[in-house]
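*Asks:* Contents of entry_32.csv (CSV, C-alpha atoms) are below:
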chain,number,residue,atom,x,y,z
D,1,MET,CA,70.0,137.2,191.9
D,2,GLY,CA,69.6,139.9,194.5
D,3,GLY,CA,72.0,142.7,195.2
D,4,GLU,CA,75.2,140.7,195.3
D,5,ILE,CA,77.7,140.8,192.4
D,6,SER,CA,80.7,138.6,192.3
D,7,ALA,CA,84.3,140.0,192.3
D,8,ARG,CA,84.8,138.9,188.7
D,9,LYS,CA,81.4,140.3,187.6
D,10,GLN,CA,82.5,143.7,189.1
D,11,ILE,CA,85.8,143.5,187.3
D,12,LEU,CA,84.1,142.7,184.0
D,13,THR,CA,81.6,145.5,184.5
D,14,ASP,CA,84.4,148.0,185.2
D,15,PHE,CA,86.4,146.7,182.2
D,16,LEU,CA,83.5,147.3,179.8
D,17,GLN,CA,83.0,150.8,181.3
D,18,ASP,CA,86.6,152.0,181.6
D,19,VAL,CA,88.1,150.3,178.5
D,20,TRP,CA,85.3,150.0,175.9
D,21,THR,CA,82.9,152.8,176.8
D,22,ASP,CA,85.3,155.4,178.1
D,23,GLY,CA,88.3,154.3,175.9
D,24,GLN,CA,90.9,154.6,178.7
D,25,VAL,CA,93.7,152.8,176.8
D,26,GLU,CA,96.2,152.7,179.7
D,27,LYS,CA,93.7,150.8,181.9
D,28,VAL,CA,94.1,147.8,179.6
D,29,ASP,CA,97.3,147.1,181.7
D,30,HIS,CA,95.1,146.7,184.8
D,31,TYR,CA,92.5,144.3,183.3
D,32,LEU,CA,94.2,142.1,180.8
D,33,ALA,CA,96.3,138.9,181.2
D,34,ASP,CA,99.6,138.9,179.3
D,35,ASN,CA,98.0,136.9,176.5
D,36,TYR,CA,94.4,137.5,175.3
D,37,SER,CA,92.9,134.9,172.9
D,38,ILE,CA,90.0,135.8,170.6
D,39,HIS,CA,88.5,132.4,170.1
D,40,ASN,CA,85.5,133.4,167.9
D,41,ASP,CA,84.5,136.9,166.9
D,42,PRO,CA,83.2,136.9,163.3
D,43,GLY,CA,83.8,140.3,161.6
D,44,ASP,CA,86.5,141.3,164.1
D,45,PRO,CA,89.8,141.8,162.2
D,46,TRP,CA,91.6,140.1,165.1
D,47,ASP,CA,89.4,137.0,165.1
D,48,GLY,CA,91.4,133.9,165.9
D,49,GLN,CA,94.5,135.8,167.2
D,50,THR,CA,96.2,135.8,170.5
D,51,LEU,CA,97.1,139.3,171.5
D,52,SER,CA,99.7,140.8,173.8
D,53,ILE,CA,98.6,143.8,175.9
D,54,ALA,CA,100.1,146.1,173.3
D,55,GLY,CA,98.2,144.3,170.6
D,56,PHE,CA,95.0,144.6,172.5
D,57,LYS,CA,95.5,148.3,172.9
D,58,ASP,CA,96.0,148.6,169.1
D,59,ARG,CA,92.7,146.7,168.6
D,60,LEU,CA,90.9,148.9,171.1
D,61,ILE,CA,92.0,152.1,169.5
D,62,GLN,CA,91.2,150.9,166.0
D,63,SER,CA,87.8,149.4,167.0
D,64,ARG,CA,86.6,152.4,168.9
D,65,ALA,CA,87.4,154.9,166.0
D,66,MET,CA,84.2,153.9,164.3
D,67,ALA,CA,82.1,155.3,167.2
D,68,PRO,CA,84.2,157.2,169.7
D,69,ASP,CA,81.1,158.0,171.9
D,70,GLN,CA,80.1,154.4,172.2
D,71,ILE,CA,78.4,153.0,175.3
D,72,PHE,CA,78.2,149.4,176.4
D,73,ASP,CA,75.3,148.5,178.8
D,74,VAL,CA,75.3,145.1,180.6
D,75,GLU,CA,71.9,143.4,180.3
D,76,LYS,CA,72.7,140.1,182.0
D,77,MET,CA,75.7,138.0,183.3
D,78,VAL,CA,76.0,134.3,183.8
D,79,GLU,CA,79.2,133.0,185.6
D,80,GLU,CA,80.7,129.6,186.0
D,81,GLY,CA,84.2,128.5,186.8
D,82,ASN,CA,86.5,130.9,184.9
D,83,ASP,CA,83.9,132.1,182.5
D,84,ILE,CA,81.3,134.9,182.5
D,85,ALA,CA,78.8,135.2,179.7
D,86,VAL,CA,77.5,138.8,179.3
D,87,ALA,CA,74.6,140.0,177.2
D,88,TRP,CA,75.1,143.6,176.2
D,89,SER,CA,73.6,146.5,174.4
D,90,TRP,CA,75.7,149.0,172.5
D,91,SER,CA,75.0,152.4,171.0
D,92,GLY,CA,77.2,155.0,169.4
D,93,THR,CA,77.5,157.6,166.6
D,94,HIS,CA,79.1,156.4,163.3
D,95,LEU,CA,81.9,159.0,163.1
D,96,GLY,CA,84.7,156.9,161.7
D,97,ASP,CA,84.9,155.1,158.3
D,98,ILE,CA,84.6,151.3,158.2
D,99,PRO,CA,85.5,149.1,155.2
D,100,GLY,CA,83.1,150.0,152.4
D,101,ILE,CA,81.1,152.5,154.5
D,102,PRO,CA,82.4,156.0,155.1
D,103,ALA,CA,81.2,157.8,158.3
D,104,THR,CA,77.5,158.5,158.1
D,105,GLY,CA,77.0,160.4,161.4
D,106,ARG,CA,74.1,158.1,162.2
D,107,ASN,CA,73.2,157.0,165.7
D,108,ILE,CA,73.3,153.2,165.7
D,109,THR,CA,72.5,150.5,168.2
D,110,MET,CA,73.4,146.8,168.5
D,111,THR,CA,73.1,143.9,170.9
D,112,GLY,CA,75.7,141.1,171.4
D,113,LEU,CA,76.7,138.3,173.7
D,114,THR,CA,80.3,137.5,174.8
D,115,ILE,CA,81.8,134.8,177.0
D,116,TYR,CA,84.8,136.2,178.7
D,117,SER,CA,87.5,133.9,180.3
D,118,PHE,CA,89.5,134.9,183.4
D,119,GLU,CA,92.9,133.9,184.7
D,120,GLY,CA,92.8,135.0,188.3
D,121,ASP,CA,91.5,138.6,188.3
D,122,ARG,CA,92.6,139.2,184.7
D,123,LEU,CA,90.7,138.7,181.4
D,124,SER,CA,92.4,136.2,179.1
D,125,GLY,CA,90.1,135.9,176.1
D,126,HIS,CA,86.6,135.8,174.7
D,127,TRP,CA,84.1,134.1,172.4
D,128,GLN,CA,81.7,136.7,170.9
D,129,ILE,CA,78.8,137.3,168.6
D,130,ALA,CA,77.6,140.8,167.8
D,131,ASP,CA,74.5,141.5,165.7
D,132,ARG,CA,76.5,143.0,162.8
D,133,LEU,CA,73.6,142.6,160.3
D,134,SER,CA,71.6,145.2,162.3
D,135,VAL,CA,74.5,147.7,162.1
D,136,PHE,CA,74.9,147.0,158.3
D,137,GLN,CA,71.2,147.7,157.8
D,138,GLN,CA,71.3,150.9,159.9
D,139,LEU,CA,74.2,152.2,157.9
D,140,THR,CA,73.1,151.3,154.5
D,141,GLN,CA,69.3,151.7,154.5
D,142,GLY,CA,67.3,154.9,154.4
D,143,PRO,CA,66.2,157.4,155.7
D,144,GLY,CA,69.6,159.0,155.5
J,1,MET,CA,85.5,121.2,183.6
J,2,GLY,CA,86.2,117.5,183.5
J,3,GLY,CA,83.8,114.8,182.4
J,4,GLU,CA,80.8,115.9,184.5
J,5,ILE,CA,77.9,117.6,182.9
J,6,SER,CA,75.0,119.1,185.0
J,7,ALA,CA,71.4,117.8,184.6
J,8,ARG,CA,70.3,121.0,182.9
J,9,LYS,CA,73.3,121.1,180.5
J,10,GLN,CA,72.3,117.6,179.5
J,11,ILE,CA,68.7,118.7,179.0
J,12,LEU,CA,69.8,121.7,176.9
J,13,THR,CA,72.2,119.5,174.8
J,14,ASP,CA,69.3,117.0,174.1
J,15,PHE,CA,66.9,119.8,173.3
J,16,LEU,CA,69.2,121.3,170.7
J,17,GLN,CA,69.8,117.9,169.2
J,18,ASP,CA,66.2,116.6,169.3
J,19,VAL,CA,64.3,119.8,168.5
J,20,TRP,CA,66.5,122.0,166.4
J,21,THR,CA,68.9,119.6,164.7
J,22,ASP,CA,66.5,116.6,164.3
J,23,GLY,CA,63.3,118.7,164.0
J,24,GLN,CA,61.2,116.4,166.3
J,25,VAL,CA,58.3,118.8,166.7
J,26,GLU,CA,56.4,116.6,169.2
J,27,LYS,CA,59.4,116.6,171.6
J,28,VAL,CA,58.8,120.3,172.3
J,29,ASP,CA,56.1,119.1,174.8
J,30,HIS,CA,58.9,117.4,176.7
J,31,TYR,CA,61.4,120.3,176.9
J,32,LEU,CA,59.3,123.5,177.1
J,33,ALA,CA,57.6,125.4,179.9
J,34,ASP,CA,54.0,126.5,179.2
J,35,ASN,CA,55.2,130.0,178.4
J,36,TYR,CA,58.5,130.7,176.5
J,37,SER,CA,59.7,134.3,176.3
J,38,ILE,CA,62.0,135.5,173.5
J,39,HIS,CA,63.7,138.4,175.3
J,40,ASN,CA,66.1,139.4,172.5
J,41,ASP,CA,66.7,137.7,169.2
J,42,PRO,CA,67.3,140.3,166.4
J,43,GLY,CA,66.1,139.0,163.1
J,44,ASP,CA,63.8,136.3,164.5
J,45,PRO,CA,60.2,137.1,163.5
J,46,TRP,CA,59.1,136.1,167.1
J,47,ASP,CA,61.6,138.4,168.8
J,48,GLY,CA,59.9,140.0,171.9
J,49,GLN,CA,57.0,137.6,172.0
J,50,THR,CA,56.0,135.0,174.7
J,51,LEU,CA,55.0,131.8,173.0
J,52,SER,CA,52.7,128.9,174.1
J,53,ILE,CA,54.0,125.4,173.3
J,54,ALA,CA,51.9,125.4,170.1
J,55,GLY,CA,53.3,128.8,169.2
J,56,PHE,CA,56.8,127.5,169.7
J,57,LYS,CA,56.1,124.5,167.5
J,58,ASP,CA,55.0,126.9,164.7
J,59,ARG,CA,58.2,128.9,165.1
J,60,LEU,CA,60.2,125.7,165.0
J,61,ILE,CA,58.6,124.5,161.8
J,62,GLN,CA,58.9,127.8,160.0
J,63,SER,CA,62.4,128.4,161.2
J,64,ARG,CA,63.8,125.0,160.2
J,65,ALA,CA,62.3,125.2,156.6
J,66,MET,CA,65.2,127.4,155.5
J,67,ALA,CA,67.7,124.5,156.1
J,68,PRO,CA,65.9,121.2,157.0
J,69,ASP,CA,69.3,119.4,157.3
J,70,GLN,CA,70.6,121.9,159.9
J,71,ILE,CA,73.0,120.8,162.6
J,72,PHE,CA,73.7,122.6,165.9
J,73,ASP,CA,77.0,121.8,167.7
J,74,VAL,CA,77.6,123.0,171.2
J,75,GLU,CA,81.0,124.7,171.6
J,76,LYS,CA,80.8,125.8,175.2
J,77,MET,CA,78.3,126.2,178.1
J,78,VAL,CA,78.3,128.5,181.1
J,79,GLU,CA,75.7,127.8,183.9
J,80,GLU,CA,74.6,129.9,186.8
J,81,GLY,CA,71.3,129.8,188.7
J,82,ASN,CA,68.5,129.3,186.2
J,83,ASP,CA,70.5,130.3,183.2
J,84,ILE,CA,72.8,128.5,180.8
J,85,ALA,CA,74.8,130.4,178.1
J,86,VAL,CA,75.6,128.2,175.2
J,87,ALA,CA,78.1,129.1,172.3
J,88,TRP,CA,77.1,127.1,169.2
J,89,SER,CA,78.0,126.4,165.6
J,90,TRP,CA,75.4,125.9,163.0
J,91,SER,CA,75.5,124.5,159.5
J,92,GLY,CA,72.9,123.6,156.9
J,93,THR,CA,71.9,123.7,153.2
J,94,HIS,CA,69.8,126.7,152.1
J,95,LEU,CA,66.8,124.8,150.6
J,96,GLY,CA,63.9,127.1,151.7
J,97,ASP,CA,63.2,130.6,150.6
J,98,ILE,CA,63.8,133.4,153.1
J,99,PRO,CA,62.5,137.0,152.8
J,100,GLY,CA,64.3,138.5,149.8
J,101,ILE,CA,66.5,135.5,149.1
J,102,PRO,CA,65.0,132.5,147.3
J,103,ALA,CA,66.6,129.1,148.1
J,104,THR,CA,70.2,128.9,146.8
J,105,GLY,CA,71.1,125.3,147.6
J,106,ARG,CA,74.3,126.6,149.2
J,107,ASN,CA,75.9,125.0,152.3
J,108,ILE,CA,76.1,127.7,154.9
J,109,THR,CA,77.6,128.0,158.4
J,110,MET,CA,77.0,130.4,161.3
J,111,THR,CA,78.0,130.8,164.9
J,112,GLY,CA,75.8,132.2,167.7
J,113,LEU,CA,75.4,132.6,171.5
J,114,THR,CA,72.2,132.0,173.5
J,115,ILE,CA,71.4,132.4,177.2
J,116,TYR,CA,68.6,129.9,177.9
J,117,SER,CA,66.5,130.2,181.1
J,118,PHE,CA,65.0,127.3,183.0
J,119,GLU,CA,62.0,126.8,185.2
J,120,GLY,CA,62.7,123.4,186.9
J,121,ASP,CA,63.7,121.1,184.1
J,122,ARG,CA,61.9,123.0,181.4
J,123,LEU,CA,63.1,125.8,179.1
J,124,SER,CA,61.3,129.1,179.7
J,125,GLY,CA,63.0,131.6,177.3
J,126,HIS,CA,66.2,132.9,175.7
J,127,TRP,CA,68.3,135.9,174.9
J,128,GLN,CA,70.1,135.3,171.6
J,129,ILE,CA,72.5,136.7,169.0
J,130,ALA,CA,73.2,134.8,165.8
J,131,ASP,CA,75.8,136.0,163.3
J,132,ARG,CA,73.3,136.8,160.6
J,133,LEU,CA,75.6,139.0,158.6
J,134,SER,CA,77.8,135.9,157.8
J,135,VAL,CA,74.7,134.1,156.5
J,136,PHE,CA,73.6,137.2,154.4
J,137,GLN,CA,77.1,137.3,152.9
J,138,GLN,CA,77.2,133.6,152.1
J,139,LEU,CA,73.9,133.8,150.4
J,140,THR,CA,74.4,136.9,148.4
J,141,GLN,CA,78.1,137.0,147.4
J,142,GLY,CA,79.8,134.9,144.7
J,143,PRO,CA,80.9,132.3,143.8
J,144,GLY,CA,77.4,131.0,143.1
Would it be possible to restate this file's structure as structure tokens?

*Replies:*
Amino acid sequence: MGGEISARKQILTDFLQDVWTDGQVEKVDHYLADNYSIHNDPGDPWDGQTLSIAGFKDRLIQSRAMAPDQIFDVEKMVEEGNDIAVAWSWSGTHLGDIPGIPATGRNITMTGLTIYSFEGDRLSGHWQIADRLSVFQQLTQGPG
Amino acid sequence: MGGEISARKQILTDFLQDVWTDGQVEKVDHYLADNYSIHNDPGDPWDGQTLSIAGFKDRLIQSRAMAPDQIFDVEKMVEEGNDIAVAWSWSGTHLGDIPGIPATGRNITMTGLTIYSFEGDRLSGHWQIADRLSVFQQLTQGPG
């Protein structure tokens, strides 16, 4: 690879930092296309939906409530045409209730892979798998 | 995209069909580099290991025993440099015991994402996330 990073890889890196790690809701206007399609994202309540920018902001706020201090780290990116696959690591503190599991205060980690699609310099959708079983195990198994 | 598929995408498509769907163990010799590194694959017993061709065959045989009729379908590929990200769907019948869950005979489905790395025309490793929580839920929740 070397030191070069493509314009779209930089946009995606900034999006993950500004929007998902830092939770800057207003920045969604800057990164998102008018319609954002979630093609596959098992476990995500919005799986299969196409969201407006307002709808995406709602998803962002609700999703981040589980772990408001969450951090996404990029492990690897693979770009072709309008798509970028990104392998990521995630960590955060479980401070918000999720269905069936009230907040535990535990530090949790997870890895995942997402293929993001672009329209011009805007994100228009994704196909994602997160390792939800690891999270489930970290929240439900001892030591407490 | 159009009708064209790159040489390496064709190799990867054939590998998934011949090796993982059809279980042709001897074909591993044809597709794999001498050393195959599993960089990230939570839940896989070989996660973090670098395998010889013989070691990979052992992993293949043990992994396929859970669902010997398993089928991998390619949903999308993204290629750059020596890497191809592939989004996939999987289905199979749970005919082999897994840790903690004896064979149920249930038909199960799963989606996943893998970044495969190439050396020349051979596969040399991967970074993978499978939606294991869906499988866990399909095997442990009713109706039986």

*Asks:* Could you check which of J:Gln138, J:Asp18, J:Gln10, J:Ala130 is closest to chain D, using all atoms listed in the file?

*Replies:*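 Among the listed residues, J:Ala130 lies closest to chain D.
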
*Asks:* Up to 9 Å from chain D, what residues of chain J turn up? Count all atoms listed in the file and give them as a ChimeraX atom specification.

*Replies:* /J:1,40,42-43,77-81,83-87,111-115,127-134,136

*Asks:* Quick one: distance from atom CA of His39 of chain D to atom CA of Gly125 of chain D in Å, one decimal?

*Replies:*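 Atom CA of Gly125 of chain D lies 7.1 Å from atom CA of His39 of chain D.
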
*Asks:* From the options D:Ala103, D:Val74, D:Ile108, D:Leu32, which residue's atoms come nearest to Leu16 of chain D, counting all atoms listed in the file?

*Replies:*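 Selected residue with least distance to Leu16 of chain D: D:Val74.
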
*Asks:* Which one is closest to Gly92 of chain D: D:Val28, D:Ile71, D:Leu51, D:Leu60? Count all atoms listed in the file.

*Replies:*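 When distances to Gly92 of chain D are compared using all atoms listed in the file, the smallest one comes from D:Ile71.
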
*Asks:* Measuring between all atoms listed in the file, which one of D:Asp121, D:Asp22, D:Asp34, D:Asp14 shows the shortest distance to Asp69 of chain D?

*Replies:*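 Among the listed residues, D:Asp22 lies closest to Asp69 of chain D.
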
*Asks:* Quote the spacing between atom CA of Tyr36 of chain D and atom CA of Phe15 of chain D in Å to one decimal place.

*Replies:*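 Interatomic distance here is 14.0 Å.
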
*Asks:* For atom CA of Arg122 of chain D and atom CA of Arg59 of chain D, determine how far apart the two atoms are, in Å to one decimal place.

*Replies:*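 So the two atoms, atom CA of Arg122 of chain D and atom CA of Arg59 of chain D, lie 17.8 Å apart.
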